[in-house]
$ cat my_file31.txt   # compact mmCIF, C-alpha atoms
# COMPACT_ATOMS: atom_id res chain seq x y z
CA MET A 1 17.92 -25.39 8.72
CA ASP A 2 21.46 -24.46 7.82
CA PHE A 3 22.96 -21.02 7.96
CA THR A 4 23.48 -20.53 4.21
CA LYS A 5 19.80 -21.02 3.51
CA LEU A 6 18.90 -18.37 6.08
CA LEU A 7 21.44 -15.96 4.67
CA GLU A 8 20.01 -16.52 1.23
CA LEU A 9 16.56 -15.76 2.55
CA VAL A 10 17.74 -12.48 4.08
CA VAL A 11 19.55 -11.41 0.92
CA SER A 12 16.68 -12.37 -1.32
CA ALA A 13 14.11 -10.57 0.83
CA SER A 14 16.20 -7.43 1.08
CA LEU A 15 17.69 -7.09 -2.40
CA ILE A 16 16.08 -9.33 -5.00
CA ASN A 17 12.52 -9.12 -3.79
CA ASN A 18 12.94 -5.71 -2.25
CA PHE A 19 9.60 -4.68 -0.80
CA VAL A 20 9.60 -1.23 -2.27
CA PHE A 21 11.10 -1.80 -5.68
CA THR A 22 9.81 -5.17 -6.78
CA ARG A 23 6.81 -5.84 -4.57
CA PHE A 24 5.63 -2.24 -4.33
CA LEU A 25 4.64 -2.30 -0.71
CA GLY A 26 4.90 0.48 1.82
CA LEU A 27 4.94 3.08 -0.92
CA CYS A 28 2.85 5.58 0.99
CA ILE A 29 5.31 5.71 3.81
CA PHE A 30 8.23 5.39 1.43
CA PHE A 31 7.27 8.61 -0.31
CA GLY A 32 5.95 10.22 2.85
CA VAL A 33 9.05 10.10 5.02
CA SER A 34 11.86 10.06 2.49
CA LYS A 35 12.14 13.84 2.31
CA ARG A 36 14.82 14.14 4.94
CA MET A 37 17.68 11.85 5.85
CA GLU A 38 17.15 12.14 9.60
CA THR A 39 13.52 11.03 9.52
CA ALA A 40 14.36 8.30 7.05
CA VAL A 41 16.96 6.81 9.38
CA GLY A 42 14.60 7.01 12.36
CA MET A 43 11.90 5.30 10.39
CA SER A 44 14.26 2.58 9.17
CA ILE A 45 15.32 1.63 12.70
CA THR A 46 11.71 1.46 13.85
CA PHE A 47 10.69 -0.57 10.84
CA VAL A 48 13.36 -3.24 11.13
CA SER A 49 12.61 -3.86 14.80
CA VAL A 50 8.83 -3.86 14.47
CA MET A 51 8.99 -6.15 11.44
CA VAL A 52 11.11 -8.81 13.15
CA ILE A 53 8.98 -8.75 16.29
CA SER A 54 5.69 -8.86 14.41
CA ALA A 55 6.98 -11.71 12.24
CA ALA A 56 7.79 -13.68 15.41
CA VAL A 57 4.56 -12.97 17.28
CA SER A 58 2.25 -13.53 14.35
CA TRP A 59 4.07 -16.75 13.44
CA LEU A 60 3.47 -18.07 16.96
CA ILE A 61 -0.19 -17.09 16.83
CA PHE A 62 -0.75 -18.43 13.32
CA PHE A 63 0.94 -21.82 13.67
CA GLY A 64 0.43 -22.22 17.40
CA LEU A 65 -3.19 -21.20 17.65
CA MET A 66 -4.91 -20.65 14.34
CA VAL A 67 -3.74 -23.73 12.43
CA PRO A 68 -4.66 -26.21 15.21
CA LEU A 69 -8.05 -24.53 15.66
CA ASP A 70 -8.58 -24.47 11.88
CA ILE A 71 -9.43 -20.77 11.78
CA THR A 72 -6.80 -19.67 9.28
CA PHE A 73 -9.45 -17.86 7.23
CA LEU A 74 -9.48 -15.21 9.97
CA ARG A 75 -5.86 -14.31 9.33
CA ILE A 76 -6.48 -10.82 7.96
CA VAL A 77 -8.51 -9.79 10.99
CA VAL A 78 -6.10 -11.41 13.44
CA PHE A 79 -2.89 -10.08 11.91
CA ILE A 80 -4.06 -6.50 11.80
CA GLY A 81 -5.05 -6.84 15.45
CA VAL A 82 -1.66 -8.32 16.33
CA VAL A 83 0.23 -5.56 14.56
CA ALA A 84 -1.88 -2.81 16.12
CA ALA A 85 -1.53 -4.28 19.61
CA LEU A 86 2.20 -4.79 19.13
CA VAL A 87 2.82 -1.25 17.98
CA GLN A 88 0.77 0.08 20.88
CA THR A 89 2.79 -2.03 23.33
CA ALA A 90 6.11 -0.95 21.85
CA ASP A 91 4.90 2.63 22.09
CA THR A 92 4.02 2.32 25.78
CA ILE A 93 7.20 0.45 26.73
CA MET A 94 9.35 2.95 24.90
CA LYS A 95 7.63 5.88 26.55
CA LYS A 96 8.30 4.43 30.02
CA THR A 97 11.81 3.08 29.58
CA SER A 98 13.48 5.44 27.16
CA PRO A 99 11.89 8.88 26.83
CA VAL A 100 14.76 10.11 24.64
CA LEU A 101 14.26 7.36 22.11
CA TYR A 102 10.51 7.84 22.30
CA HIS A 103 10.87 11.51 21.59
CA LYS A 104 12.86 10.64 18.46
CA LEU A 105 10.92 7.64 17.13
CA GLY A 106 7.50 7.87 18.79
CA ILE A 107 5.79 9.57 15.89
CA TYR A 108 6.89 6.88 13.45
CA LEU A 109 5.57 4.16 15.69
CA ALA A 110 2.09 5.62 15.54
CA LEU A 111 2.36 5.92 11.77
CA ILE A 112 3.16 2.32 11.04
CA THR A 113 0.19 0.71 12.79
CA THR A 114 -1.75 0.13 9.63
CA ASN A 115 1.12 0.10 7.20
CA CYS A 116 0.81 -2.45 4.46
CA ILE A 117 4.45 -3.50 4.61
CA ILE A 118 4.26 -4.52 8.27
CA LEU A 119 1.11 -6.46 7.56
CA ALA A 120 2.53 -8.10 4.46
CA VAL A 121 5.31 -9.90 6.37
CA PRO A 122 2.98 -12.06 8.50
CA LEU A 123 0.71 -12.68 5.51
CA ILE A 124 3.58 -13.84 3.30
CA ASN A 125 5.06 -15.91 6.13
CA ALA A 126 1.75 -17.68 6.60
CA GLY A 127 1.24 -18.11 2.87
CA GLU A 128 4.70 -19.61 2.28
CA GLY A 129 4.57 -21.79 5.38
CA TYR A 130 7.99 -20.66 6.65
CA SER A 131 9.44 -22.17 9.81
CA PHE A 132 9.92 -19.94 12.84
CA ILE A 133 13.58 -19.15 12.11
CA GLU A 134 12.84 -18.64 8.43
CA ALA A 135 10.01 -16.26 9.32
CA LEU A 136 12.42 -14.25 11.47
CA ALA A 137 14.99 -14.17 8.68
CA PHE A 138 12.35 -13.05 6.21
CA GLY A 139 11.19 -10.28 8.54
CA LEU A 140 14.76 -9.11 9.06
CA GLY A 141 15.59 -9.19 5.36
CA SER A 142 12.45 -7.31 4.41
CA GLY A 143 13.09 -4.71 7.08
CA LEU A 144 16.69 -4.20 5.97
CA GLY A 145 15.60 -3.95 2.35
CA PHE A 146 13.07 -1.28 3.23
CA ALA A 147 15.65 0.59 5.29
CA LEU A 148 18.07 0.51 2.37
CA ALA A 149 15.45 1.80 -0.06
CA LEU A 150 14.42 4.57 2.30
CA THR A 151 17.98 5.72 2.88
CA ILE A 152 18.83 5.80 -0.83
CA MET A 153 15.65 7.68 -1.62
CA ALA A 154 16.11 10.22 1.17
CA SER A 155 19.65 11.04 0.12
CA ILE A 156 18.52 11.61 -3.46
CA ARG A 157 15.51 13.70 -2.51
CA GLU A 158 17.63 15.98 -0.31
CA LYS A 159 19.64 16.85 -3.41
CA LEU A 160 16.48 17.09 -5.49
CA GLU A 161 15.31 20.00 -3.34
CA LEU A 162 17.92 22.16 -5.01
CA ALA A 163 17.11 21.10 -8.54
CA ASP A 164 14.93 23.13 -10.88
CA VAL A 165 12.09 20.71 -11.55
CA PRO A 166 9.26 21.66 -13.99
CA ARG A 167 6.31 22.87 -11.96
CA PRO A 168 3.80 20.06 -12.63
CA PHE A 169 6.44 17.54 -11.62
CA ARG A 170 7.38 19.07 -8.31
CA GLY A 171 6.84 16.98 -5.22
CA LEU A 172 5.58 13.48 -5.76
CA PRO A 173 5.70 13.00 -9.56
CA ILE A 174 9.44 13.55 -9.73
CA ALA A 175 9.89 11.32 -6.69
CA PHE A 176 8.11 8.56 -8.59
CA VAL A 177 10.38 8.94 -11.58
CA VAL A 178 13.42 8.80 -9.29
CA ALA A 179 12.02 5.68 -7.65
CA GLY A 180 11.62 4.19 -11.11
CA LEU A 181 15.30 4.77 -11.83
CA ILE A 182 16.33 3.13 -8.56
CA ALA A 183 13.98 0.23 -9.30
CA LEU A 184 15.72 -0.17 -12.63
CA ALA A 185 19.01 -0.53 -10.79
CA PHE A 186 17.46 -3.05 -8.44
CA THR A 187 16.33 -5.26 -11.34
CA GLY A 188 20.05 -5.98 -11.69
CA PHE A 189 19.85 -8.03 -8.49
CA SER A 190 17.37 -10.50 -9.91
CA GLY A 191 19.00 -13.83 -10.52
CA LEU A 192 21.66 -13.13 -7.90
CA ILE A 193 20.56 -16.17 -5.93
CA THR A 194 18.11 -18.80 -7.03
CA LEU A 195 16.20 -20.11 -4.06
CA MET B 1 -23.88 16.92 7.61
CA GLN B 2 -25.39 16.43 4.19
CA GLN B 3 -22.95 17.54 1.53
CA GLY B 4 -24.78 18.34 -1.68
CA THR B 5 -26.59 15.90 -3.89
CA ASN B 6 -25.66 12.30 -4.47
CA TRP B 7 -24.26 13.05 -7.89
CA GLU B 8 -21.99 15.69 -6.40
CA LEU B 9 -20.75 13.20 -3.86
CA ILE B 10 -19.85 10.74 -6.59
CA LYS B 11 -18.14 13.39 -8.67
CA ASN B 12 -16.21 14.64 -5.68
CA GLY B 13 -14.82 11.17 -5.01
CA MET B 14 -14.01 10.52 -8.64
CA PHE B 15 -12.15 13.68 -9.48
CA LYS B 16 -11.63 16.24 -6.77
CA GLU B 17 -10.59 13.73 -4.14
CA ASN B 18 -9.25 11.07 -6.46
CA THR B 19 -7.45 8.67 -4.18
CA LEU B 20 -4.43 8.12 -6.36
CA PHE B 21 -3.75 11.22 -8.40
CA ARG B 22 -5.05 13.94 -6.11
CA MET B 23 -4.54 12.65 -2.59
CA ALA B 24 -1.67 10.30 -3.42
CA ILE B 25 -2.65 7.62 -0.93
CA SER B 26 -3.10 3.87 -1.32
CA LEU B 27 -0.34 3.87 -3.89
CA CYS B 28 1.01 0.37 -3.53
CA PRO B 29 -1.51 -1.54 -5.67
CA ALA B 30 -1.62 1.27 -8.23
CA ILE B 31 1.86 0.26 -9.24
CA ALA B 32 1.94 -3.36 -8.21
CA VAL B 33 -1.01 -4.74 -10.16
CA THR B 34 -1.23 -2.39 -13.12
CA ALA B 35 1.10 -4.26 -15.47
CA SER B 36 -1.99 -5.77 -17.08
CA MET B 37 -5.37 -4.14 -17.50
CA LYS B 38 -7.31 -7.17 -16.33
CA ASN B 39 -5.61 -7.23 -12.96
CA GLY B 40 -5.93 -3.47 -12.64
CA ILE B 41 -9.67 -3.63 -13.20
CA LEU B 42 -10.12 -6.56 -10.82
CA MET B 43 -8.22 -4.71 -8.12
CA GLY B 44 -10.25 -1.57 -8.74
CA VAL B 45 -13.52 -3.49 -8.49
CA ALA B 46 -12.39 -5.13 -5.25
CA VAL B 47 -11.59 -1.76 -3.73
CA LEU B 48 -14.89 -0.30 -4.96
CA PHE B 49 -16.76 -3.17 -3.31
CA VAL B 50 -14.92 -2.86 0.01
CA GLN B 51 -15.23 0.92 0.07
CA VAL B 52 -18.99 0.87 -0.52
CA MET B 53 -19.70 -1.97 1.91
CA VAL B 54 -17.55 -0.46 4.66
CA ASN B 55 -19.17 2.93 4.27
CA MET B 56 -22.64 1.39 4.43
CA THR B 57 -21.84 -0.83 7.39
CA VAL B 58 -20.22 1.92 9.41
CA SER B 59 -23.04 4.29 8.56
CA SER B 60 -25.71 1.83 9.61
CA ILE B 61 -24.12 1.05 12.98
CA ARG B 62 -22.89 4.57 13.70
CA GLN B 63 -25.31 5.15 16.57
CA PHE B 64 -24.03 2.11 18.45
CA ILE B 65 -20.31 2.81 18.20
CA ASN B 66 -18.71 4.23 21.30
CA PRO B 67 -16.45 7.04 20.04
CA ARG B 68 -13.57 5.89 22.20
CA ILE B 69 -13.22 2.53 20.52
CA ARG B 70 -14.33 3.56 17.05
CA LEU B 71 -11.03 2.90 15.26
CA PRO B 72 -10.74 -0.78 16.27
CA ILE B 73 -14.37 -1.24 15.23
CA TYR B 74 -13.73 0.33 11.83
CA MET B 75 -10.69 -1.93 11.41
CA ILE B 76 -12.78 -5.01 12.18
CA VAL B 77 -15.48 -3.95 9.71
CA ILE B 78 -12.87 -3.32 7.01
CA ALA B 79 -11.02 -6.57 7.71
CA GLY B 80 -14.31 -8.45 7.56
CA TRP B 81 -15.24 -7.12 4.13
CA VAL B 82 -11.70 -7.61 2.84
CA SER B 83 -11.88 -11.23 3.95
CA VAL B 84 -15.13 -11.59 2.03
CA ILE B 85 -13.65 -10.31 -1.24
CA ASP B 86 -10.43 -12.25 -0.62
CA MET B 87 -12.25 -15.55 -0.26
CA THR B 88 -14.60 -14.79 -3.15
CA MET B 89 -11.68 -14.14 -5.47
CA ALA B 90 -9.78 -17.16 -4.22
CA ALA B 91 -12.81 -19.27 -5.12
CA TYR B 92 -13.91 -17.77 -8.44
CA ALA B 93 -10.88 -16.09 -9.98
CA ARG B 94 -8.04 -18.43 -9.16
CA GLU B 95 -5.60 -17.38 -11.87
CA ALA B 96 -5.80 -13.68 -11.09
CA TYR B 97 -5.80 -14.39 -7.36
CA LYS B 98 -2.41 -16.05 -7.63
CA GLN B 99 -0.98 -12.81 -8.95
CA ILE B 100 -2.80 -10.16 -6.97
CA GLY B 101 -3.99 -12.07 -3.89
CA LEU B 102 -1.51 -10.43 -1.55
CA TYR B 103 -2.60 -6.97 -2.63
CA ILE B 104 -6.26 -7.85 -2.20
CA GLN B 105 -5.54 -8.85 1.38
CA LEU B 106 -3.68 -5.62 1.93
CA ILE B 107 -6.71 -3.53 1.02
CA VAL B 108 -7.25 -3.74 4.75
CA ALA B 109 -4.44 -1.23 5.25
CA PHE B 110 -5.84 1.26 2.75
CA ALA B 111 -5.80 4.68 4.30
CA SER B 112 -8.54 5.98 2.02
CA ILE B 113 -11.08 3.44 3.28
CA LEU B 114 -10.40 4.05 6.95
CA ALA B 115 -10.33 7.80 6.36
CA LYS B 116 -13.75 7.74 4.69
CA ALA B 117 -15.25 5.58 7.40
CA GLU B 118 -14.00 8.03 9.98
CA SER B 119 -14.64 11.31 8.21
CA PHE B 120 -17.83 10.60 6.26
CA ALA B 121 -19.69 7.38 6.99
CA SER B 122 -19.67 7.82 10.76
CA LYS B 123 -21.54 11.12 10.42
CA ASN B 124 -23.94 10.50 7.54
CA LYS B 125 -26.99 8.46 6.63
CA ILE B 126 -26.68 5.26 4.64
CA VAL B 127 -27.51 6.57 1.16
CA PRO B 128 -25.05 9.49 1.10
CA SER B 129 -22.40 7.19 2.60
CA MET B 130 -23.01 4.67 -0.13
CA MET B 131 -22.74 7.35 -2.81
CA ASP B 132 -19.55 8.65 -1.27
CA GLY B 133 -18.14 5.13 -1.30
CA VAL B 134 -19.21 4.64 -4.92
CA GLY B 135 -17.49 7.89 -5.88
CA MET B 136 -14.25 7.06 -4.12
CA GLY B 137 -14.26 3.53 -5.46
CA LEU B 138 -15.00 4.63 -9.02
CA GLY B 139 -12.25 7.22 -8.79
CA PHE B 140 -9.82 4.52 -7.78
CA LEU B 141 -11.06 2.17 -10.49
CA LEU B 142 -10.75 4.90 -13.11
CA ALA B 143 -7.19 5.69 -12.07
CA MET B 144 -6.29 2.00 -12.15
CA ILE B 145 -7.73 1.67 -15.67
CA VAL B 146 -5.80 4.69 -16.90
CA ILE B 147 -2.48 3.48 -15.49
CA SER B 148 -2.87 -0.13 -16.59
CA PHE B 149 -4.09 0.97 -20.03
CA PHE B 150 -0.83 2.79 -20.70
CA ARG B 151 1.36 0.14 -19.15
CA GLU B 152 -0.16 -2.79 -20.98
CA LEU B 153 -0.35 -0.97 -24.29
CA LEU B 154 3.23 0.25 -24.18
CA GLY B 155 4.72 -2.72 -22.38
CA LYS B 156 3.11 -5.63 -24.21
CA GLY B 157 1.34 -4.06 -27.16
CA THR B 158 -1.92 -5.62 -25.99
CA LEU B 159 -5.11 -4.52 -24.28
CA LEU B 160 -6.95 -6.96 -22.02
CA GLY B 161 -4.85 -9.67 -23.66
CA LEU B 162 -5.84 -8.73 -27.20
CA ASP B 163 -3.08 -7.85 -29.62
CA ILE B 164 -3.41 -4.19 -30.57
CA ALA B 165 -0.09 -2.80 -31.62
CA GLY B 166 2.45 -4.73 -33.59
CA GLY B 167 6.18 -4.28 -33.39
CA LYS B 168 8.50 -4.50 -30.45
CA PRO B 169 6.92 -3.33 -27.19
CA LEU B 170 8.76 -1.36 -24.54
CA LEU B 171 9.49 -4.11 -22.07
CA ILE B 172 10.40 -1.58 -19.40
CA MET B 173 6.78 -0.52 -18.92
CA VAL B 174 5.76 -3.89 -17.51
CA LEU B 175 8.88 -4.17 -15.37
CA PRO B 176 8.64 -2.83 -11.82
CA ALA B 177 10.49 0.33 -12.78
CA GLY B 178 7.94 1.11 -15.49
CA GLY B 179 5.19 1.28 -12.90
CA PHE B 180 6.94 4.11 -11.13
CA PHE B 181 7.65 5.91 -14.38
CA ALA B 182 4.08 5.56 -15.62
CA PHE B 183 2.60 6.82 -12.38
CA GLY B 184 5.03 9.72 -12.05
CA LEU B 185 4.46 10.84 -15.63
CA LEU B 186 0.67 10.53 -15.43
CA MET B 187 0.57 12.42 -12.15
CA GLY B 188 2.73 15.15 -13.64
CA PHE B 189 0.42 15.24 -16.66
CA PHE B 190 -2.70 15.67 -14.53
CA ASN B 191 -0.98 18.37 -12.50
CA TRP B 192 -0.11 20.11 -15.74
CA ILE B 193 -3.75 20.04 -16.86
CA ASP B 194 -4.81 21.33 -13.48
CA ILE B 195 -2.34 24.21 -13.52
CA ARG B 196 -2.78 25.06 -17.19
CA PHE B 197 -6.57 24.97 -17.51
CA PHE B 198 -8.04 25.21 -14.03
CA GLY B 199 -5.54 27.46 -12.32
CA GLY B 200 -4.88 24.92 -9.59
CA LYS B 201 -1.69 24.58 -7.68
CA GLY B 202 -1.02 20.95 -8.56
CA ALA B 203 -1.34 18.11 -6.10
CA GLY B 204 1.00 15.63 -4.58
CA GLY B 205 3.16 17.95 -2.54
CA ALA B 206 2.42 16.20 0.70
CA GLY B 207 2.10 12.48 0.28
CA GLY B 208 1.16 10.32 3.20
CA HIS B 209 -0.38 7.01 4.01
$ encode --input "my_file31.txt" --output "structure tokens"
Amino acid sequence: MDFTKLLELVVSASLINNFVFTRFLGLCIFFGVSKRMETAVGMSITFVSVMVISAAVSWLIFFGLMVPLDITFLRIVVFIGVVAALVQTADTIMKKTSPVLYHKLGIYLALITTNCIILAVPLINAGEGYSFIEALAFGLGSGLGFALALTIMASIREKLELADVPRPFRGLPIAFVVAGLIALAFTGFSGLITL
Amino acid sequence: MQQGTNWELIKNGMFKENTLFRMAISLCPAIAVTASMKNGILMGVAVLFVQVMVNMTVSSIRQFINPRIRLPIYMIVIAGWVSVIDMTMAAYAREAYKQIGLYIQLIVAFASILAKAESFASKNKIVPSMMDGVGMGLGFLLAMIVISFFRELLGKGTLLGLDIAGGKPLLIMVLPAGGFFAFGLLMGFFNWIDIRFFGGKGAGGAGGH
């Protein structure tokens, strides 16, 4: 596994197949926390770390335990358990070791337990049959892509607060239209790298 | 905690608490699989099935669930039923499954299903729970049909694969960006109706899971 291939995987997962804009995952949280820059940044940091860790742990469980035992059909049940347990562990460790960080990011941790984007990474990894390092790279790329999307969106929505939006469109509808415009820009990335 | 008649329960789920347009949750598949009407309907039916089965299962075992571990139990019930529909589709609808399989699996993370199991099915008898599930599921299905109807008609000039409108379609509507536009515009439209004719305040201010 050479370095270029991994880099390509990261770039493709973060830009070309961006989770939010081309795969449409994690939309609930994308629209939920993108109102303010500060929360968006906090959420991004939490997301990237949880995604990489959950990609690693679920890869080990899937290929180390479930494939040899021939119980891959249980993957939905197992992965959601893994993610929930992982988030709970991270929550507890953070509370004990770094109360300041916990105070800042704790609420987001609780929120992402059943988030589709976190769950999608292990499912795609298993479906594509990625190697361990590839799975990590995919998790990292997806996390970075989500962080990028969230940051862009939050900075636009902060400005949007001041705009005079027609009443029926206030709140979510206008956010969707904005997301559509960003997605249009992201279509420009397709064909950047052919894997 | 009986809440009105069965018909009221269904209506409540379909319109007042419509998952997509009113509560703005479970948004991902609403945009991801609505580029064609066939996929939109399949997805809607899958969600309807899971919602009803989960509500019935949770309702029938509600006396045995220890309140302290109820959430993990709900998750297992949901994951179980999602696996059922996932495998069924993988076996009988292979072509569609290739396109929307990932989103079918991710029904497990639907907030609306867990929320209903927690807030309704765990406190009610089986029949009202089933009706509530039918209402929520139909509401979702209806929203999916509306969105995919517009996207397929405008984006490809077809409906369910049949050629309807001639001429050059608006490619943008089937592109990812079009999904966002379609949903934003439709949501704004329904808010407008609500404000104009029913004196409501318009939904979608909050947004969440």
$ interface_residues --input "my_file31.txt" --of "chain A" --to "chain B" --cutoff "8 Å" --atoms "only C-alpha atoms" --output "PyMOL selection string"
chain A and resi 21-29+31-32+73-74+76-77+114-116+119-120+123-124+167-177+179-184
$ write_last_selection --input "my_file31.txt" --atoms "C-alpha atoms" --output "PDB file, in the coordinates of the input"
ATOM      1  CA  PHE A  21      11.100  -1.800  -5.680  1.00  0.00           C
ATOM      2  CA  THR A  22       9.810  -5.170  -6.780  1.00  0.00           C
ATOM      3  CA  ARG A  23       6.810  -5.840  -4.570  1.00  0.00           C
ATOM      4  CA  PHE A  24       5.630  -2.240  -4.330  1.00  0.00           C
ATOM      5  CA  LEU A  25       4.640  -2.300  -0.710  1.00  0.00           C
ATOM      6  CA  GLY A  26       4.900   0.480   1.820  1.00  0.00           C
ATOM      7  CA  LEU A  27       4.940   3.080  -0.920  1.00  0.00           C
ATOM      8  CA  CYS A  28       2.850   5.580   0.990  1.00  0.00           C
ATOM      9  CA  ILE A  29       5.310   5.710   3.810  1.00  0.00           C
ATOM     10  CA  PHE A  31       7.270   8.610  -0.310  1.00  0.00           C
ATOM     11  CA  GLY A  32       5.950  10.220   2.850  1.00  0.00           C
ATOM     12  CA  PHE A  73      -9.450 -17.860   7.230  1.00  0.00           C
ATOM     13  CA  LEU A  74      -9.480 -15.210   9.970  1.00  0.00           C
ATOM     14  CA  ILE A  76      -6.480 -10.820   7.960  1.00  0.00           C
ATOM     15  CA  VAL A  77      -8.510  -9.790  10.990  1.00  0.00           C
ATOM     16  CA  THR A 114      -1.750   0.130   9.630  1.00  0.00           C
ATOM     17  CA  ASN A 115       1.120   0.100   7.200  1.00  0.00           C
ATOM     18  CA  CYS A 116       0.810  -2.450   4.460  1.00  0.00           C
ATOM     19  CA  LEU A 119       1.110  -6.460   7.560  1.00  0.00           C
ATOM     20  CA  ALA A 120       2.530  -8.100   4.460  1.00  0.00           C
ATOM     21  CA  LEU A 123       0.710 -12.680   5.510  1.00  0.00           C
ATOM     22  CA  ILE A 124       3.580 -13.840   3.300  1.00  0.00           C
ATOM     23  CA  ARG A 167       6.310  22.870 -11.960  1.00  0.00           C
ATOM     24  CA  PRO A 168       3.800  20.060 -12.630  1.00  0.00           C
ATOM     25  CA  PHE A 169       6.440  17.540 -11.620  1.00  0.00           C
ATOM     26  CA  ARG A 170       7.380  19.070  -8.310  1.00  0.00           C
ATOM     27  CA  GLY A 171       6.840  16.980  -5.220  1.00  0.00           C
ATOM     28  CA  LEU A 172       5.580  13.480  -5.760  1.00  0.00           C
ATOM     29  CA  PRO A 173       5.700  13.000  -9.560  1.00  0.00           C
ATOM     30  CA  ILE A 174       9.440  13.550  -9.730  1.00  0.00           C
ATOM     31  CA  ALA A 175       9.890  11.320  -6.690  1.00  0.00           C
ATOM     32  CA  PHE A 176       8.110   8.560  -8.590  1.00  0.00           C
ATOM     33  CA  VAL A 177      10.380   8.940 -11.580  1.00  0.00           C
ATOM     34  CA  ALA A 179      12.020   5.680  -7.650  1.00  0.00           C
ATOM     35  CA  GLY A 180      11.620   4.190 -11.110  1.00  0.00           C
ATOM     36  CA  LEU A 181      15.300   4.770 -11.830  1.00  0.00           C
ATOM     37  CA  ILE A 182      16.330   3.130  -8.560  1.00  0.00           C
ATOM     38  CA  ALA A 183      13.980   0.230  -9.300  1.00  0.00           C
ATOM     39  CA  LEU A 184      15.720  -0.170 -12.630  1.00  0.00           C
TER      40      LEU A 184
END
$ atom_distance --input "my_file31.txt" --atom1 "atom CA of B:Phe49" --atom2 "atom CA of B:Ile85"
8.1 Å
$ closest_residue --input "my_file31.txt" --among "A:Ile112, A:Ala84, A:Leu15, A:Val178" --to "A:Phe146" --atoms "all atoms listed in the file"
A:Leu15
$ atom_distance --input "my_file31.txt" --atom1 "atom CA of A:Met43" --atom2 "atom CA of A:Met153"
12.8 Å
$ residues_around --input "my_file31.txt" --residues "B:Trp7" --least-positions-apart "5" --cutoff "10 Å" --atoms "all atoms listed in the file" --output "PyMOL selection string"
chain B and resi 12+128+131-132+135
$ atom_distance --input "my_file31.txt" --atom1 "atom CA of A:Val41" --atom2 "atom CA of A:Leu140"
16.1 Å
$ closest_residue --input "my_file31.txt" --among "B:Leu171, B:Val58, B:Ala143, B:Leu160" --to "B:Arg22" --atoms "all atoms listed in the file"
B:Ala143
